[in-house]
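protein09.pdb follows; it contains PDB, C-alpha atoms and all ligand atoms.
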```pdb
ATOM      1  CA  MET A 172      14.955  -0.227  16.744  1.00  0.00           C
ATOM      2  CA  HIS A 173      14.276  -0.396  13.010  1.00  0.00           C
ATOM      3  CA  ALA A 174      17.535   1.258  11.968  1.00  0.00           C
ATOM      4  CA  ALA A 175      18.734  -1.993  10.324  1.00  0.00           C
ATOM      5  CA  TRP A 176      15.864  -1.954   7.813  1.00  0.00           C
ATOM      6  CA  PRO A 177      15.889  -1.912   4.883  1.00  0.00           C
ATOM      7  CA  LEU A 178      19.094  -3.930   4.468  1.00  0.00           C
ATOM      8  CA  SER A 179      20.304  -1.721   1.603  1.00  0.00           C
ATOM      9  CA  PRO A 180      18.797   1.146  -0.389  1.00  0.00           C
ATOM     10  CA  HIS A 181      17.925  -1.408  -3.101  1.00  0.00           C
ATOM     11  CA  THR A 182      16.314  -4.052  -0.902  1.00  0.00           C
ATOM     12  CA  GLY A 183      12.647  -3.563  -0.158  1.00  0.00           C
ATOM     13  CA  CYS A 184      11.062  -4.362   3.178  1.00  0.00           C
ATOM     14  CA  LEU A 185       7.613  -4.536   4.696  1.00  0.00           C
ATOM     15  CA  GLU A 186       6.916  -3.205   8.187  1.00  0.00           C
ATOM     16  CA  VAL A 187       3.480  -3.824   9.715  1.00  0.00           C
ATOM     17  CA  ILE A 188       2.161  -1.920  12.737  1.00  0.00           C
ATOM     18  CA  CYS A 189      -0.947  -3.507  14.290  1.00  0.00           C
ATOM     19  CA  GLY A 190      -3.081  -3.417  17.424  1.00  0.00           C
ATOM     20  CA  PRO A 191      -6.565  -2.261  18.478  1.00  0.00           C
ATOM     21  CA  MET A 192      -7.989   1.229  18.011  1.00  0.00           C
ATOM     22  CA  PHE A 193      -6.238   3.895  20.130  1.00  0.00           C
ATOM     23  CA  SER A 194      -3.008   1.830  20.326  1.00  0.00           C
ATOM     24  CA  GLY A 195      -0.933   4.497  18.559  1.00  0.00           C
ATOM     25  CA  LYS A 196      -0.681   2.818  15.133  1.00  0.00           C
ATOM     26  CA  THR A 197      -1.139   6.084  13.237  1.00  0.00           C
ATOM     27  CA  GLU A 198       1.234   7.938  15.597  1.00  0.00           C
ATOM     28  CA  GLU A 199       3.922   5.299  15.040  1.00  0.00           C
ATOM     29  CA  LEU A 200       3.338   5.335  11.269  1.00  0.00           C
ATOM     30  CA  ILE A 201       3.673   9.143  11.237  1.00  0.00           C
ATOM     31  CA  ARG A 202       6.847   8.952  13.371  1.00  0.00           C
ATOM     32  CA  ARG A 203       8.546   6.506  10.977  1.00  0.00           C
ATOM     33  CA  LEU A 204       7.479   8.449   7.879  1.00  0.00           C
ATOM     34  CA  ARG A 205       8.752  11.736   9.357  1.00  0.00           C
ATOM     35  CA  LEU A 206      12.136  10.112  10.054  1.00  0.00           C
ATOM     36  CA  ALA A 207      12.267   8.813   6.474  1.00  0.00           C
ATOM     37  CA  ALA A 208      11.527  12.331   5.180  1.00  0.00           C
ATOM     38  CA  ILE A 209      14.292  13.740   7.423  1.00  0.00           C
ATOM     39  CA  ALA A 210      16.578  11.138   5.806  1.00  0.00           C
ATOM     40  CA  ARG A 211      15.646  12.785   2.467  1.00  0.00           C
ATOM     41  CA  GLN A 212      13.714   9.785   1.189  1.00  0.00           C
ATOM     42  CA  ARG A 213      10.671  10.561  -0.893  1.00  0.00           C
ATOM     43  CA  VAL A 214       7.579   9.418   1.027  1.00  0.00           C
ATOM     44  CA  GLN A 215       4.020   8.843  -0.187  1.00  0.00           C
ATOM     45  CA  ILE A 216       1.106   8.034   2.110  1.00  0.00           C
ATOM     46  CA  PHE A 217      -2.158   6.388   1.127  1.00  0.00           C
ATOM     47  CA  LYS A 218      -5.342   5.791   3.052  1.00  0.00           C
ATOM     48  CA  SER A 219      -8.710   4.415   2.088  1.00  0.00           C
ATOM     49  CA  ALA A 220     -11.303   6.993   1.128  1.00  0.00           C
ATOM     50  CA  LYS A 221     -13.659   4.920   3.346  1.00  0.00           C
ATOM     51  CA  ASP A 222     -12.018   6.534   6.369  1.00  0.00           C
ATOM     52  CA  VAL A 223     -14.214   9.621   6.481  1.00  0.00           C
ATOM     53  CA  ARG A 224     -13.420  10.428  10.133  1.00  0.00           C
ATOM     54  CA  TYR A 225     -11.012  13.200   9.131  1.00  0.00           C
ATOM     55  CA  ASP A 226      -9.986  15.242   6.102  1.00  0.00           C
ATOM     56  CA  GLU A 227      -9.451  12.783   3.246  1.00  0.00           C
ATOM     57  CA  THR A 228      -6.039  14.280   2.435  1.00  0.00           C
ATOM     58  CA  GLU A 229      -4.492  13.612   5.846  1.00  0.00           C
ATOM     59  CA  ILE A 230      -3.824  10.726   8.181  1.00  0.00           C
ATOM     60  CA  VAL A 231      -4.705  11.897  11.683  1.00  0.00           C
ATOM     61  CA  SER A 232      -4.042  10.262  15.064  1.00  0.00           C
ATOM     62  CA  HIS A 233      -6.383  10.406  18.047  1.00  0.00           C
ATOM     63  CA  ALA A 234      -3.894  12.821  19.652  1.00  0.00           C
ATOM     64  CA  ASP A 235      -4.165  15.002  16.496  1.00  0.00           C
ATOM     65  CA  SER A 236      -0.798  14.256  14.917  1.00  0.00           C
ATOM     66  CA  ARG A 237      -1.217  14.758  11.141  1.00  0.00           C
ATOM     67  CA  LEU A 238       0.527  14.003   7.871  1.00  0.00           C
ATOM     68  CA  GLN A 239      -0.593  14.659   4.307  1.00  0.00           C
ATOM     69  CA  SER A 240      -1.952  11.585   2.482  1.00  0.00           C
ATOM     70  CA  GLU A 241      -3.603  10.616  -0.787  1.00  0.00           C
ATOM     71  CA  PRO A 242      -7.052   8.997  -0.678  1.00  0.00           C
ATOM     72  CA  ILE A 243      -7.583   5.767  -2.648  1.00  0.00           C
ATOM     73  CA  THR A 244     -10.783   3.817  -3.250  1.00  0.00           C
ATOM     74  CA  SER A 245      -8.968   0.559  -4.046  1.00  0.00           C
ATOM     75  CA  ALA A 246      -5.444  -0.754  -3.407  1.00  0.00           C
ATOM     76  CA  ASP A 247      -4.478  -0.883  -7.117  1.00  0.00           C
ATOM     77  CA  GLN A 248      -4.711   2.932  -7.297  1.00  0.00           C
ATOM     78  CA  ILE A 249      -1.398   2.984  -5.417  1.00  0.00           C
ATOM     79  CA  PHE A 250       0.385   1.992  -8.674  1.00  0.00           C
ATOM     80  CA  ALA A 251      -1.287   4.785 -10.646  1.00  0.00           C
ATOM     81  CA  LYS A 252      -0.417   7.403  -8.011  1.00  0.00           C
ATOM     82  CA  LEU A 253       3.093   6.180  -7.240  1.00  0.00           C
ATOM     83  CA  HIS A 254       5.835   8.670  -8.117  1.00  0.00           C
ATOM     84  CA  PRO A 255       8.927   7.048  -9.727  1.00  0.00           C
ATOM     85  CA  LYS A 256      11.186   8.663  -7.094  1.00  0.00           C
ATOM     86  CA  THR A 257       9.197   7.420  -4.085  1.00  0.00           C
ATOM     87  CA  ARG A 258      11.320   5.257  -1.728  1.00  0.00           C
ATOM     88  CA  VAL A 259       8.912   4.825   1.212  1.00  0.00           C
ATOM     89  CA  VAL A 260       5.183   4.066   1.043  1.00  0.00           C
ATOM     90  CA  GLY A 261       2.965   4.469   4.118  1.00  0.00           C
ATOM     91  CA  ILE A 262      -0.529   2.966   4.231  1.00  0.00           C
ATOM     92  CA  ASP A 263      -2.949   3.581   7.121  1.00  0.00           C
ATOM     93  CA  GLU A 264      -6.128   1.631   7.978  1.00  0.00           C
ATOM     94  CA  ALA A 265      -5.098  -1.328   5.801  1.00  0.00           C
ATOM     95  CA  GLN A 266      -8.144  -3.327   6.921  1.00  0.00           C
ATOM     96  CA  PHE A 267     -10.268  -1.088   4.661  1.00  0.00           C
ATOM     97  CA  LEU A 268      -8.326  -2.057   1.520  1.00  0.00           C
ATOM     98  CA  GLY A 269      -9.091  -5.789   1.332  1.00  0.00           C
ATOM     99  CA  ASN A 270      -7.016  -8.790   0.244  1.00  0.00           C
ATOM    100  CA  GLU A 271      -6.044  -7.050  -3.001  1.00  0.00           C
ATOM    101  CA  LEU A 272      -3.506  -5.119  -0.910  1.00  0.00           C
ATOM    102  CA  ILE A 273      -1.419  -8.285  -0.304  1.00  0.00           C
ATOM    103  CA  ALA A 274      -0.206  -8.774  -3.913  1.00  0.00           C
ATOM    104  CA  ILE A 275       0.201  -5.026  -4.405  1.00  0.00           C
ATOM    105  CA  THR A 276       2.374  -4.799  -1.289  1.00  0.00           C
ATOM    106  CA  GLN A 277       4.508  -7.754  -2.462  1.00  0.00           C
ATOM    107  CA  THR A 278       5.073  -6.036  -5.819  1.00  0.00           C
ATOM    108  CA  LEU A 279       6.076  -2.736  -4.179  1.00  0.00           C
ATOM    109  CA  VAL A 280       8.513  -4.467  -1.805  1.00  0.00           C
ATOM    110  CA  ASP A 281       9.939  -6.630  -4.638  1.00  0.00           C
ATOM    111  CA  ARG A 282      10.614  -3.386  -6.545  1.00  0.00           C
ATOM    112  CA  GLY A 283      12.834  -2.319  -3.634  1.00  0.00           C
ATOM    113  CA  LEU A 284      10.476   0.022  -1.769  1.00  0.00           C
ATOM    114  CA  ARG A 285      10.118   0.282   1.991  1.00  0.00           C
ATOM    115  CA  VAL A 286       6.421  -0.205   2.739  1.00  0.00           C
ATOM    116  CA  ILE A 287       5.019   0.627   6.201  1.00  0.00           C
ATOM    117  CA  ILE A 288       1.451  -0.509   6.820  1.00  0.00           C
ATOM    118  CA  ALA A 289      -0.748   0.234   9.851  1.00  0.00           C
ATOM    119  CA  GLY A 290      -4.066  -1.449  10.540  1.00  0.00           C
ATOM    120  CA  LEU A 291      -6.360  -3.280  12.941  1.00  0.00           C
ATOM    121  CA  ASP A 292      -5.285  -6.899  13.441  1.00  0.00           C
ATOM    122  CA  GLN A 293      -8.706  -7.869  14.877  1.00  0.00           C
ATOM    123  CA  ASP A 294     -12.249  -6.776  14.106  1.00  0.00           C
ATOM    124  CA  PHE A 295     -14.761  -5.736  16.794  1.00  0.00           C
ATOM    125  CA  ARG A 296     -15.463  -9.413  17.553  1.00  0.00           C
ATOM    126  CA  GLY A 297     -11.769 -10.190  18.086  1.00  0.00           C
ATOM    127  CA  GLU A 298     -11.503 -12.114  14.777  1.00  0.00           C
ATOM    128  CA  PRO A 299      -8.405 -11.676  12.557  1.00  0.00           C
ATOM    129  CA  PHE A 300      -9.132  -8.794  10.160  1.00  0.00           C
ATOM    130  CA  GLU A 301      -8.016  -9.441   6.564  1.00  0.00           C
ATOM    131  CA  PRO A 302      -5.668  -8.552   4.981  1.00  0.00           C
ATOM    132  CA  MET A 303      -3.681  -7.948   8.198  1.00  0.00           C
ATOM    133  CA  PRO A 304      -2.957 -11.640   9.061  1.00  0.00           C
ATOM    134  CA  GLN A 305      -1.461 -12.216   5.581  1.00  0.00           C
ATOM    135  CA  LEU A 306       0.517  -8.956   5.694  1.00  0.00           C
ATOM    136  CA  LEU A 307       1.891  -9.861   9.135  1.00  0.00           C
ATOM    137  CA  ALA A 308       3.009 -13.246   7.775  1.00  0.00           C
ATOM    138  CA  ILE A 309       5.000 -11.751   4.875  1.00  0.00           C
ATOM    139  CA  ALA A 310       6.440  -8.737   6.765  1.00  0.00           C
ATOM    140  CA  GLU A 311      10.123  -8.321   7.622  1.00  0.00           C
ATOM    141  CA  VAL A 312       9.299  -6.286  10.764  1.00  0.00           C
ATOM    142  CA  ILE A 313       6.102  -6.434  12.821  1.00  0.00           C
ATOM    143  CA  THR A 314       5.027  -4.251  15.725  1.00  0.00           C
ATOM    144  CA  LYS A 315       1.965  -5.125  17.811  1.00  0.00           C
ATOM    145  CA  GLN A 316       1.032  -2.251  20.082  1.00  0.00           C
ATOM    146  CA  PRO A 317      -1.413  -2.366  23.013  1.00  0.00           C
ATOM    147  CA  ALA A 318      -3.744   0.497  23.977  1.00  0.00           C
ATOM    148  CA  VAL A 319      -4.996   0.984  27.563  1.00  0.00           C
ATOM    149  CA  CYS A 320      -8.176  -0.874  28.581  1.00  0.00           C
ATOM    150  CA  VAL A 321     -10.717   1.794  29.522  1.00  0.00           C
ATOM    151  CA  ILE A 322     -12.343  -0.579  32.062  1.00  0.00           C
ATOM    152  CA  CYS A 323      -9.396  -1.960  34.059  1.00  0.00           C
ATOM    153  CA  SER A 324      -6.331  -0.073  32.712  1.00  0.00           C
ATOM    154  CA  ALA A 325      -4.579  -3.297  31.632  1.00  0.00           C
ATOM    155  CA  PRO A 326      -2.902  -3.452  28.211  1.00  0.00           C
ATOM    156  CA  ALA A 327      -5.720  -3.562  25.633  1.00  0.00           C
ATOM    157  CA  THR A 328      -5.480  -5.778  22.553  1.00  0.00           C
ATOM    158  CA  ARG A 329      -9.111  -5.510  21.434  1.00  0.00           C
ATOM    159  CA  THR A 330     -11.546  -2.934  20.098  1.00  0.00           C
ATOM    160  CA  GLN A 331     -14.986  -2.774  21.759  1.00  0.00           C
ATOM    161  CA  ARG A 332     -17.841  -1.642  19.533  1.00  0.00           C
ATOM    162  CA  LEU A 333     -20.342   0.437  21.507  1.00  0.00           C
ATOM    163  CA  VAL A 334     -23.194   0.529  19.007  1.00  0.00           C
ATOM    164  CA  CYS A 335     -25.521  -2.273  17.843  1.00  0.00           C
ATOM    165  CA  ASN A 336     -24.399  -2.883  14.266  1.00  0.00           C
ATOM    166  CA  ASP A 337     -23.086  -6.185  12.880  1.00  0.00           C
ATOM    167  CA  ASP A 338     -21.317  -4.742   9.803  1.00  0.00           C
ATOM    168  CA  ARG A 339     -17.652  -5.622   9.926  1.00  0.00           C
ATOM    169  CA  VAL A 340     -16.642  -2.182   8.662  1.00  0.00           C
ATOM    170  CA  LEU A 341     -18.311   0.649  10.547  1.00  0.00           C
ATOM    171  CA  VAL A 342     -16.254   3.826  10.500  1.00  0.00           C
ATOM    172  CA  GLY A 343     -16.220   5.633  13.845  1.00  0.00           C
ATOM    173  CA  ALA A 344     -14.048   7.020  16.634  1.00  0.00           C
ATOM    174  CA  SER A 345     -14.487   7.280  20.417  1.00  0.00           C
ATOM    175  CA  GLU A 346     -18.284   7.657  20.122  1.00  0.00           C
ATOM    176  CA  SER A 347     -18.465   4.106  18.673  1.00  0.00           C
ATOM    177  CA  TYR A 348     -15.352   2.272  19.923  1.00  0.00           C
ATOM    178  CA  GLU A 349     -13.198   1.755  23.014  1.00  0.00           C
ATOM    179  CA  ALA A 350      -9.947  -0.067  23.687  1.00  0.00           C
ATOM    180  CA  ARG A 351     -10.424  -3.126  25.935  1.00  0.00           C
ATOM    181  CA  CYS A 352      -8.326  -6.012  27.228  1.00  0.00           C
ATOM    182  CA  ARG A 353      -9.317  -9.603  26.433  1.00  0.00           C
ATOM    183  CA  ARG A 354     -11.100  -9.998  29.814  1.00  0.00           C
ATOM    184  CA  CYS A 355     -13.207  -6.810  29.528  1.00  0.00           C
ATOM    185  CA  HIS A 356     -14.022  -7.221  25.817  1.00  0.00           C
ATOM    186  CA  ASP A 357     -17.543  -8.286  24.799  1.00  0.00           C
ATOM    187  CA  SER A 358     -17.257  -9.945  21.391  1.00  0.00           C
ATOM    188  CA  SER A 359     -20.992  -9.684  20.653  1.00  0.00           C
ATOM    189  CA  GLY A 360     -20.466  -5.995  19.885  1.00  0.00           C
ATOM    190  CA  HIS A 361     -24.008  -5.275  21.003  1.00  0.00           C
ATOM    191  CA  ALA A 362     -24.062  -2.243  23.249  1.00  0.00           C
ATOM    192  CA  GLN A 363     -25.592  -2.800  26.644  1.00  0.00           C
ATOM    193  CA  THR A 364     -26.223  -0.018  29.096  1.00  0.00           C
ATOM    194  CA  GLU A 365     -22.901  -0.587  30.877  1.00  0.00           C
ATOM    195  CA  PHE A 366     -21.129  -0.328  27.511  1.00  0.00           C
ATOM    196  CA  LEU A 367     -22.343   3.159  26.651  1.00  0.00           C
ATOM    197  CA  PRO A 368     -19.472   5.484  25.739  1.00  0.00           C
ATOM    198  CA  ARG A 369     -17.714   6.765  28.815  1.00  0.00           C
ATOM    199  CA  GLN A 370     -17.258  10.492  29.302  1.00  0.00           C
ATOM    200  CA  LYS A 371     -13.921  11.598  27.890  1.00  0.00           C
ATOM    201  CA  THR A 372     -11.265  11.566  30.621  1.00  0.00           C
ATOM    202  CA  LYS A 373      -9.063  14.619  30.793  1.00  0.00           C
ATOM    203  CA  ILE A 374      -5.449  13.483  30.592  1.00  0.00           C
ATOM    204  CA  VAL A 375      -3.393  15.141  33.359  1.00  0.00           C
ATOM    205  CA  VAL A 376       0.360  14.701  33.283  1.00  0.00           C
ATOM    206  CA  SER A 377       2.101  15.753  36.509  1.00  0.00           C
ATOM    207  CA  ALA A 378       5.775  16.596  36.684  1.00  0.00           C
TER     208      ALA A 378
HETATM  209  P1  LIG B 401      -4.645   4.220  16.423  1.00  0.00           P
HETATM  210  O1  LIG B 401      -4.161   4.679  15.081  1.00  0.00           O
HETATM  211  O2  LIG B 401      -4.032   2.917  16.869  1.00  0.00           O
HETATM  212  O3  LIG B 401      -6.146   4.202  16.542  1.00  0.00           O
HETATM  213  P2  LIG B 401      -3.689   6.812  17.286  1.00  0.00           P
HETATM  214  O4  LIG B 401      -2.244   6.868  16.881  1.00  0.00           O
HETATM  215  O5  LIG B 401      -4.672   7.510  16.403  1.00  0.00           O
HETATM  216  O6  LIG B 401      -4.120   5.280  17.510  1.00  0.00           O
HETATM  217  O7  LIG B 401      -3.895   7.438  18.726  1.00  0.00           O
HETATM  218  C1  LIG B 401      -3.129   7.065  19.852  1.00  0.00           C
HETATM  219  C2  LIG B 401      -3.418   8.069  20.950  1.00  0.00           C
HETATM  220  O8  LIG B 401      -4.767   7.902  21.402  1.00  0.00           O
HETATM  221  C3  LIG B 401      -2.605   7.892  22.206  1.00  0.00           C
HETATM  222  O9  LIG B 401      -1.330   8.491  22.133  1.00  0.00           O
HETATM  223  C4  LIG B 401      -3.466   8.593  23.252  1.00  0.00           C
HETATM  224  O10 LIG B 401      -3.196   9.984  23.263  1.00  0.00           O
HETATM  225  C5  LIG B 401      -4.884   8.436  22.701  1.00  0.00           C
HETATM  226  N1  LIG B 401      -5.750   7.494  23.443  1.00  0.00           N
HETATM  227  C6  LIG B 401      -7.077   7.700  23.685  1.00  0.00           C
HETATM  228  N2  LIG B 401      -7.610   6.636  24.350  1.00  0.00           N
HETATM  229  C7  LIG B 401      -6.604   5.740  24.533  1.00  0.00           C
HETATM  230  C8  LIG B 401      -6.530   4.431  25.157  1.00  0.00           C
HETATM  231  N3  LIG B 401      -7.603   3.837  25.690  1.00  0.00           N
HETATM  232  N4  LIG B 401      -5.340   3.792  25.139  1.00  0.00           N
HETATM  233  C9  LIG B 401      -4.239   4.398  24.604  1.00  0.00           C
HETATM  234  N5  LIG B 401      -4.256   5.620  24.009  1.00  0.00           N
HETATM  235  C10 LIG B 401      -5.425   6.297  23.972  1.00  0.00           C
HETATM  236 MG    MG B 402      -5.188   5.068  13.277  1.00  0.00          MG
HETATM  237 ZN    ZN B 403      -9.698  -4.683  30.973  1.00  0.00          ZN
END
```
Would you mind writing the structure in this file as structure tokens?
Ligand code: ADP
Ligand code: MG
Ligand code: ZN
Amino acid sequence: MHAAWPLSPHTGCLEVICGPMFSGKTEELIRRLRLAAIARQRVQIFKSAKDVRYDETEIVSHADSRLQSEPITSADQIFAKLHPKTRVVGIDEAQFLGNELIAITQTLVDRGLRVIIAGLDQDFRGEPFEPMPQLLAIAEVITKQPAVCVICSAPATRTQRLVCNDDRVLVGASESYEARCRRCHDSSGHAQTEFLPRQKTKIVVSA
């Protein structure tokens, strides 16, 4: 699907993968970065040190797919850590890195790098989550992935916060968030009894 990008080894491109939590953004990022490594392109992966859910030196999906990454506390540290031979840069959880990431991404792509960014396009209220709207606007390739709504099983485009906290950034996993469709999403983000975390469902795949 993305085999045509980048146009040539010297032309940079920006790919953005977005969607709610549990939509497979990290899995898709890992898949593309693994393919780039198989193609013998030097890959570097960065994620915000704010993401303390897992080991700070790995990006990890909810299905436990993992790839080594370098933690950064601000987007400009990417320049300092960038190896001159790196061809592909992966960035996970872009919503933690702020608007500073926009100019840094433009510079990397203008230098001819392939940059693949994953992040939440909406916050827990369903509002556009900077810098994702700006990154989506300047990207060559965008992928918006749905999760599965835990209430009605429809495609889920939103992230439901399950705890009473109004901070825009509140790091958490399935104890604090669920994937929901537009109809089942409560944008107040204030947990009510019916919004308490559901028991984990065991996934059974039959032949
Ligand atoms: P993201 O980075 O978008 O949060 P991940 O790549 O970490 O997503 O995890 C995706 C995986 O999460 C899926 O492959 C699936 O195994 C699991 N998962 C758990 N809950 C859901 C859900 N409600 N909808 C879709 N996938 C889910
Ligand atoms: Mg993720
Ligand atoms: Zn729903």
Distance filter 6 Å around ligand MG 402 (chain B), atoms: only C-alpha atoms and all ligand atoms, out as a VMD selection string: chain A and resid 196 to 197 232
Output C-alpha atoms of each residue in that selection to a file, as a short mmCIF file (atom, residue, chain, number, x, y, z; two decimals), in the frame of the given file.
```cif
data_model
loop_
_atom_site.label_atom_id
_atom_site.label_comp_id
_atom_site.auth_asym_id
_atom_site.auth_seq_id
_atom_site.Cartn_x
_atom_site.Cartn_y
_atom_site.Cartn_z
CA LYS A 196 -0.68 2.82 15.13
CA THR A 197 -1.14 6.08 13.24
CA SER A 232 -4.04 10.26 15.06
#
```
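Residues matched by the PyMOL selection byres (((not hetatm)) within 7 of (chain B and resi 403)) in this structure: Cys320, Val321, Ile322, Cys323, Ser324, Ala325, Ala327, Arg351, Cys352, Arg353, Arg354 and Cys355 of chain A.
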If you count only C-alpha atoms and all ligand atoms, which residues end up within 7 Å of ligand LIG 401 (chain B), as an mmCIF file with C-alpha atoms, keeping the file's coordinate frame?
```cif
data_model
loop_
_atom_site.group_PDB
_atom_site.id
_atom_site.type_symbol
_atom_site.label_atom_id
_atom_site.label_comp_id
_atom_site.auth_asym_id
_atom_site.auth_seq_id
_atom_site.Cartn_x
_atom_site.Cartn_y
_atom_site.Cartn_z
ATOM 1 C CA GLY A 190 -3.081 -3.417 17.424
ATOM 2 C CA PRO A 191 -6.565 -2.261 18.478
ATOM 3 C CA MET A 192 -7.989 1.229 18.011
ATOM 4 C CA PHE A 193 -6.238 3.895 20.130
ATOM 5 C CA SER A 194 -3.008 1.830 20.326
ATOM 6 C CA GLY A 195 -0.933 4.497 18.559
ATOM 7 C CA LYS A 196 -0.681 2.818 15.133
ATOM 8 C CA THR A 197 -1.139 6.084 13.237
ATOM 9 C CA GLU A 198 1.234 7.938 15.597
ATOM 10 C CA GLU A 199 3.922 5.299 15.040
ATOM 11 C CA VAL A 231 -4.705 11.897 11.683
ATOM 12 C CA SER A 232 -4.042 10.262 15.064
ATOM 13 C CA HIS A 233 -6.383 10.406 18.047
ATOM 14 C CA ALA A 234 -3.894 12.821 19.652
ATOM 15 C CA ALA A 318 -3.744 0.497 23.977
ATOM 16 C CA VAL A 319 -4.996 0.984 27.563
ATOM 17 C CA CYS A 320 -8.176 -0.874 28.581
ATOM 18 C CA VAL A 321 -10.717 1.794 29.522
ATOM 19 C CA GLU A 349 -13.198 1.755 23.014
ATOM 20 C CA ALA A 350 -9.947 -0.067 23.687
#
```
Residue neighbourhood A:Val286, 9 Å, all atoms listed in the file, exclusion window fewer than 5 positions, as a list in words: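 Residues near the query, excluding close chain neighbours: Gly183, Cys184, Leu185, Glu186, Val187, Arg258, Val259, Val260, Gly261, Ile262, Thr276, Leu279 and Val280 of chain A.
Rounded to one decimal, atom CA of A:Pro317 and atom CA of A:Ser219 lie 23.2 Å from each other.
Proximity to A:Ala265 was assessed for A:Ala289, A:Leu284, A:Ala251, A:Ile201 counting all atoms listed in the file; the smallest distance is recorded for A:Ala289.
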What does the structure give for the distance between atom CA of A:Ser358 and atom CA of A:Phe300, in Å to one decimal? 13.9 Å
To one decimal in Å, tell me the separation between atom CA of A:Arg211 and atom CA of A:Lys256.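 Atom-to-atom, atom CA of A:Arg211 and atom CA of A:Lys256 are spaced 11.3 Å apart.
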Name every residue that the PyMOL selection byres (((chain A and resi 306) around 12) and not hetatm) selects in this structure, writing the answer as a tab-separated table (two decimals) with C-alpha atoms, in the coordinates of the input with chains first and numbers rising.
```tsv
chain	number	residue	atom	x	y	z
A	184	CYS	CA	11.06	-4.36	3.18
A	185	LEU	CA	7.61	-4.54	4.70
A	186	GLU	CA	6.92	-3.20	8.19
A	187	VAL	CA	3.48	-3.82	9.72
A	188	ILE	CA	2.16	-1.92	12.74
A	189	CYS	CA	-0.95	-3.51	14.29
A	265	ALA	CA	-5.10	-1.33	5.80
A	266	GLN	CA	-8.14	-3.33	6.92
A	268	LEU	CA	-8.33	-2.06	1.52
A	269	GLY	CA	-9.09	-5.79	1.33
A	270	ASN	CA	-7.02	-8.79	0.24
A	271	GLU	CA	-6.04	-7.05	-3.00
A	272	LEU	CA	-3.51	-5.12	-0.91
A	273	ILE	CA	-1.42	-8.28	-0.30
A	274	ALA	CA	-0.21	-8.77	-3.91
A	275	ILE	CA	0.20	-5.03	-4.40
A	276	THR	CA	2.37	-4.80	-1.29
A	277	GLN	CA	4.51	-7.75	-2.46
A	280	VAL	CA	8.51	-4.47	-1.80
A	286	VAL	CA	6.42	-0.20	2.74
A	287	ILE	CA	5.02	0.63	6.20
A	288	ILE	CA	1.45	-0.51	6.82
A	289	ALA	CA	-0.75	0.23	9.85
A	290	GLY	CA	-4.07	-1.45	10.54
A	291	LEU	CA	-6.36	-3.28	12.94
A	292	ASP	CA	-5.28	-6.90	13.44
A	299	PRO	CA	-8.40	-11.68	12.56
A	300	PHE	CA	-9.13	-8.79	10.16
A	301	GLU	CA	-8.02	-9.44	6.56
A	302	PRO	CA	-5.67	-8.55	4.98
A	303	MET	CA	-3.68	-7.95	8.20
A	304	PRO	CA	-2.96	-11.64	9.06
A	305	GLN	CA	-1.46	-12.22	5.58
A	307	LEU	CA	1.89	-9.86	9.14
A	308	ALA	CA	3.01	-13.25	7.78
A	309	ILE	CA	5.00	-11.75	4.88
A	310	ALA	CA	6.44	-8.74	6.76
A	311	GLU	CA	10.12	-8.32	7.62
A	312	VAL	CA	9.30	-6.29	10.76
A	313	ILE	CA	6.10	-6.43	12.82
A	314	THR	CA	5.03	-4.25	15.72
```
Selection result of the PyMOL selection byres (((chain A and resi 213) around 6) and not hetatm) on this file, as a list of chain:residue names: A:Gln212, A:Val214, A:Thr257, A:Arg258
Go ahead and write the selection's residues with C-alpha atoms as a PDB file, in the coordinates of the input.
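As a result, again.pdb now contains:
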```pdb
ATOM      1  CA  GLN A 212      13.714   9.785   1.189  1.00  0.00           C
ATOM      2  CA  VAL A 214       7.579   9.418   1.027  1.00  0.00           C
ATOM      3  CA  THR A 257       9.197   7.420  -4.085  1.00  0.00           C
ATOM      4  CA  ARG A 258      11.320   5.257  -1.728  1.00  0.00           C
TER       5      ARG A 258
END
```
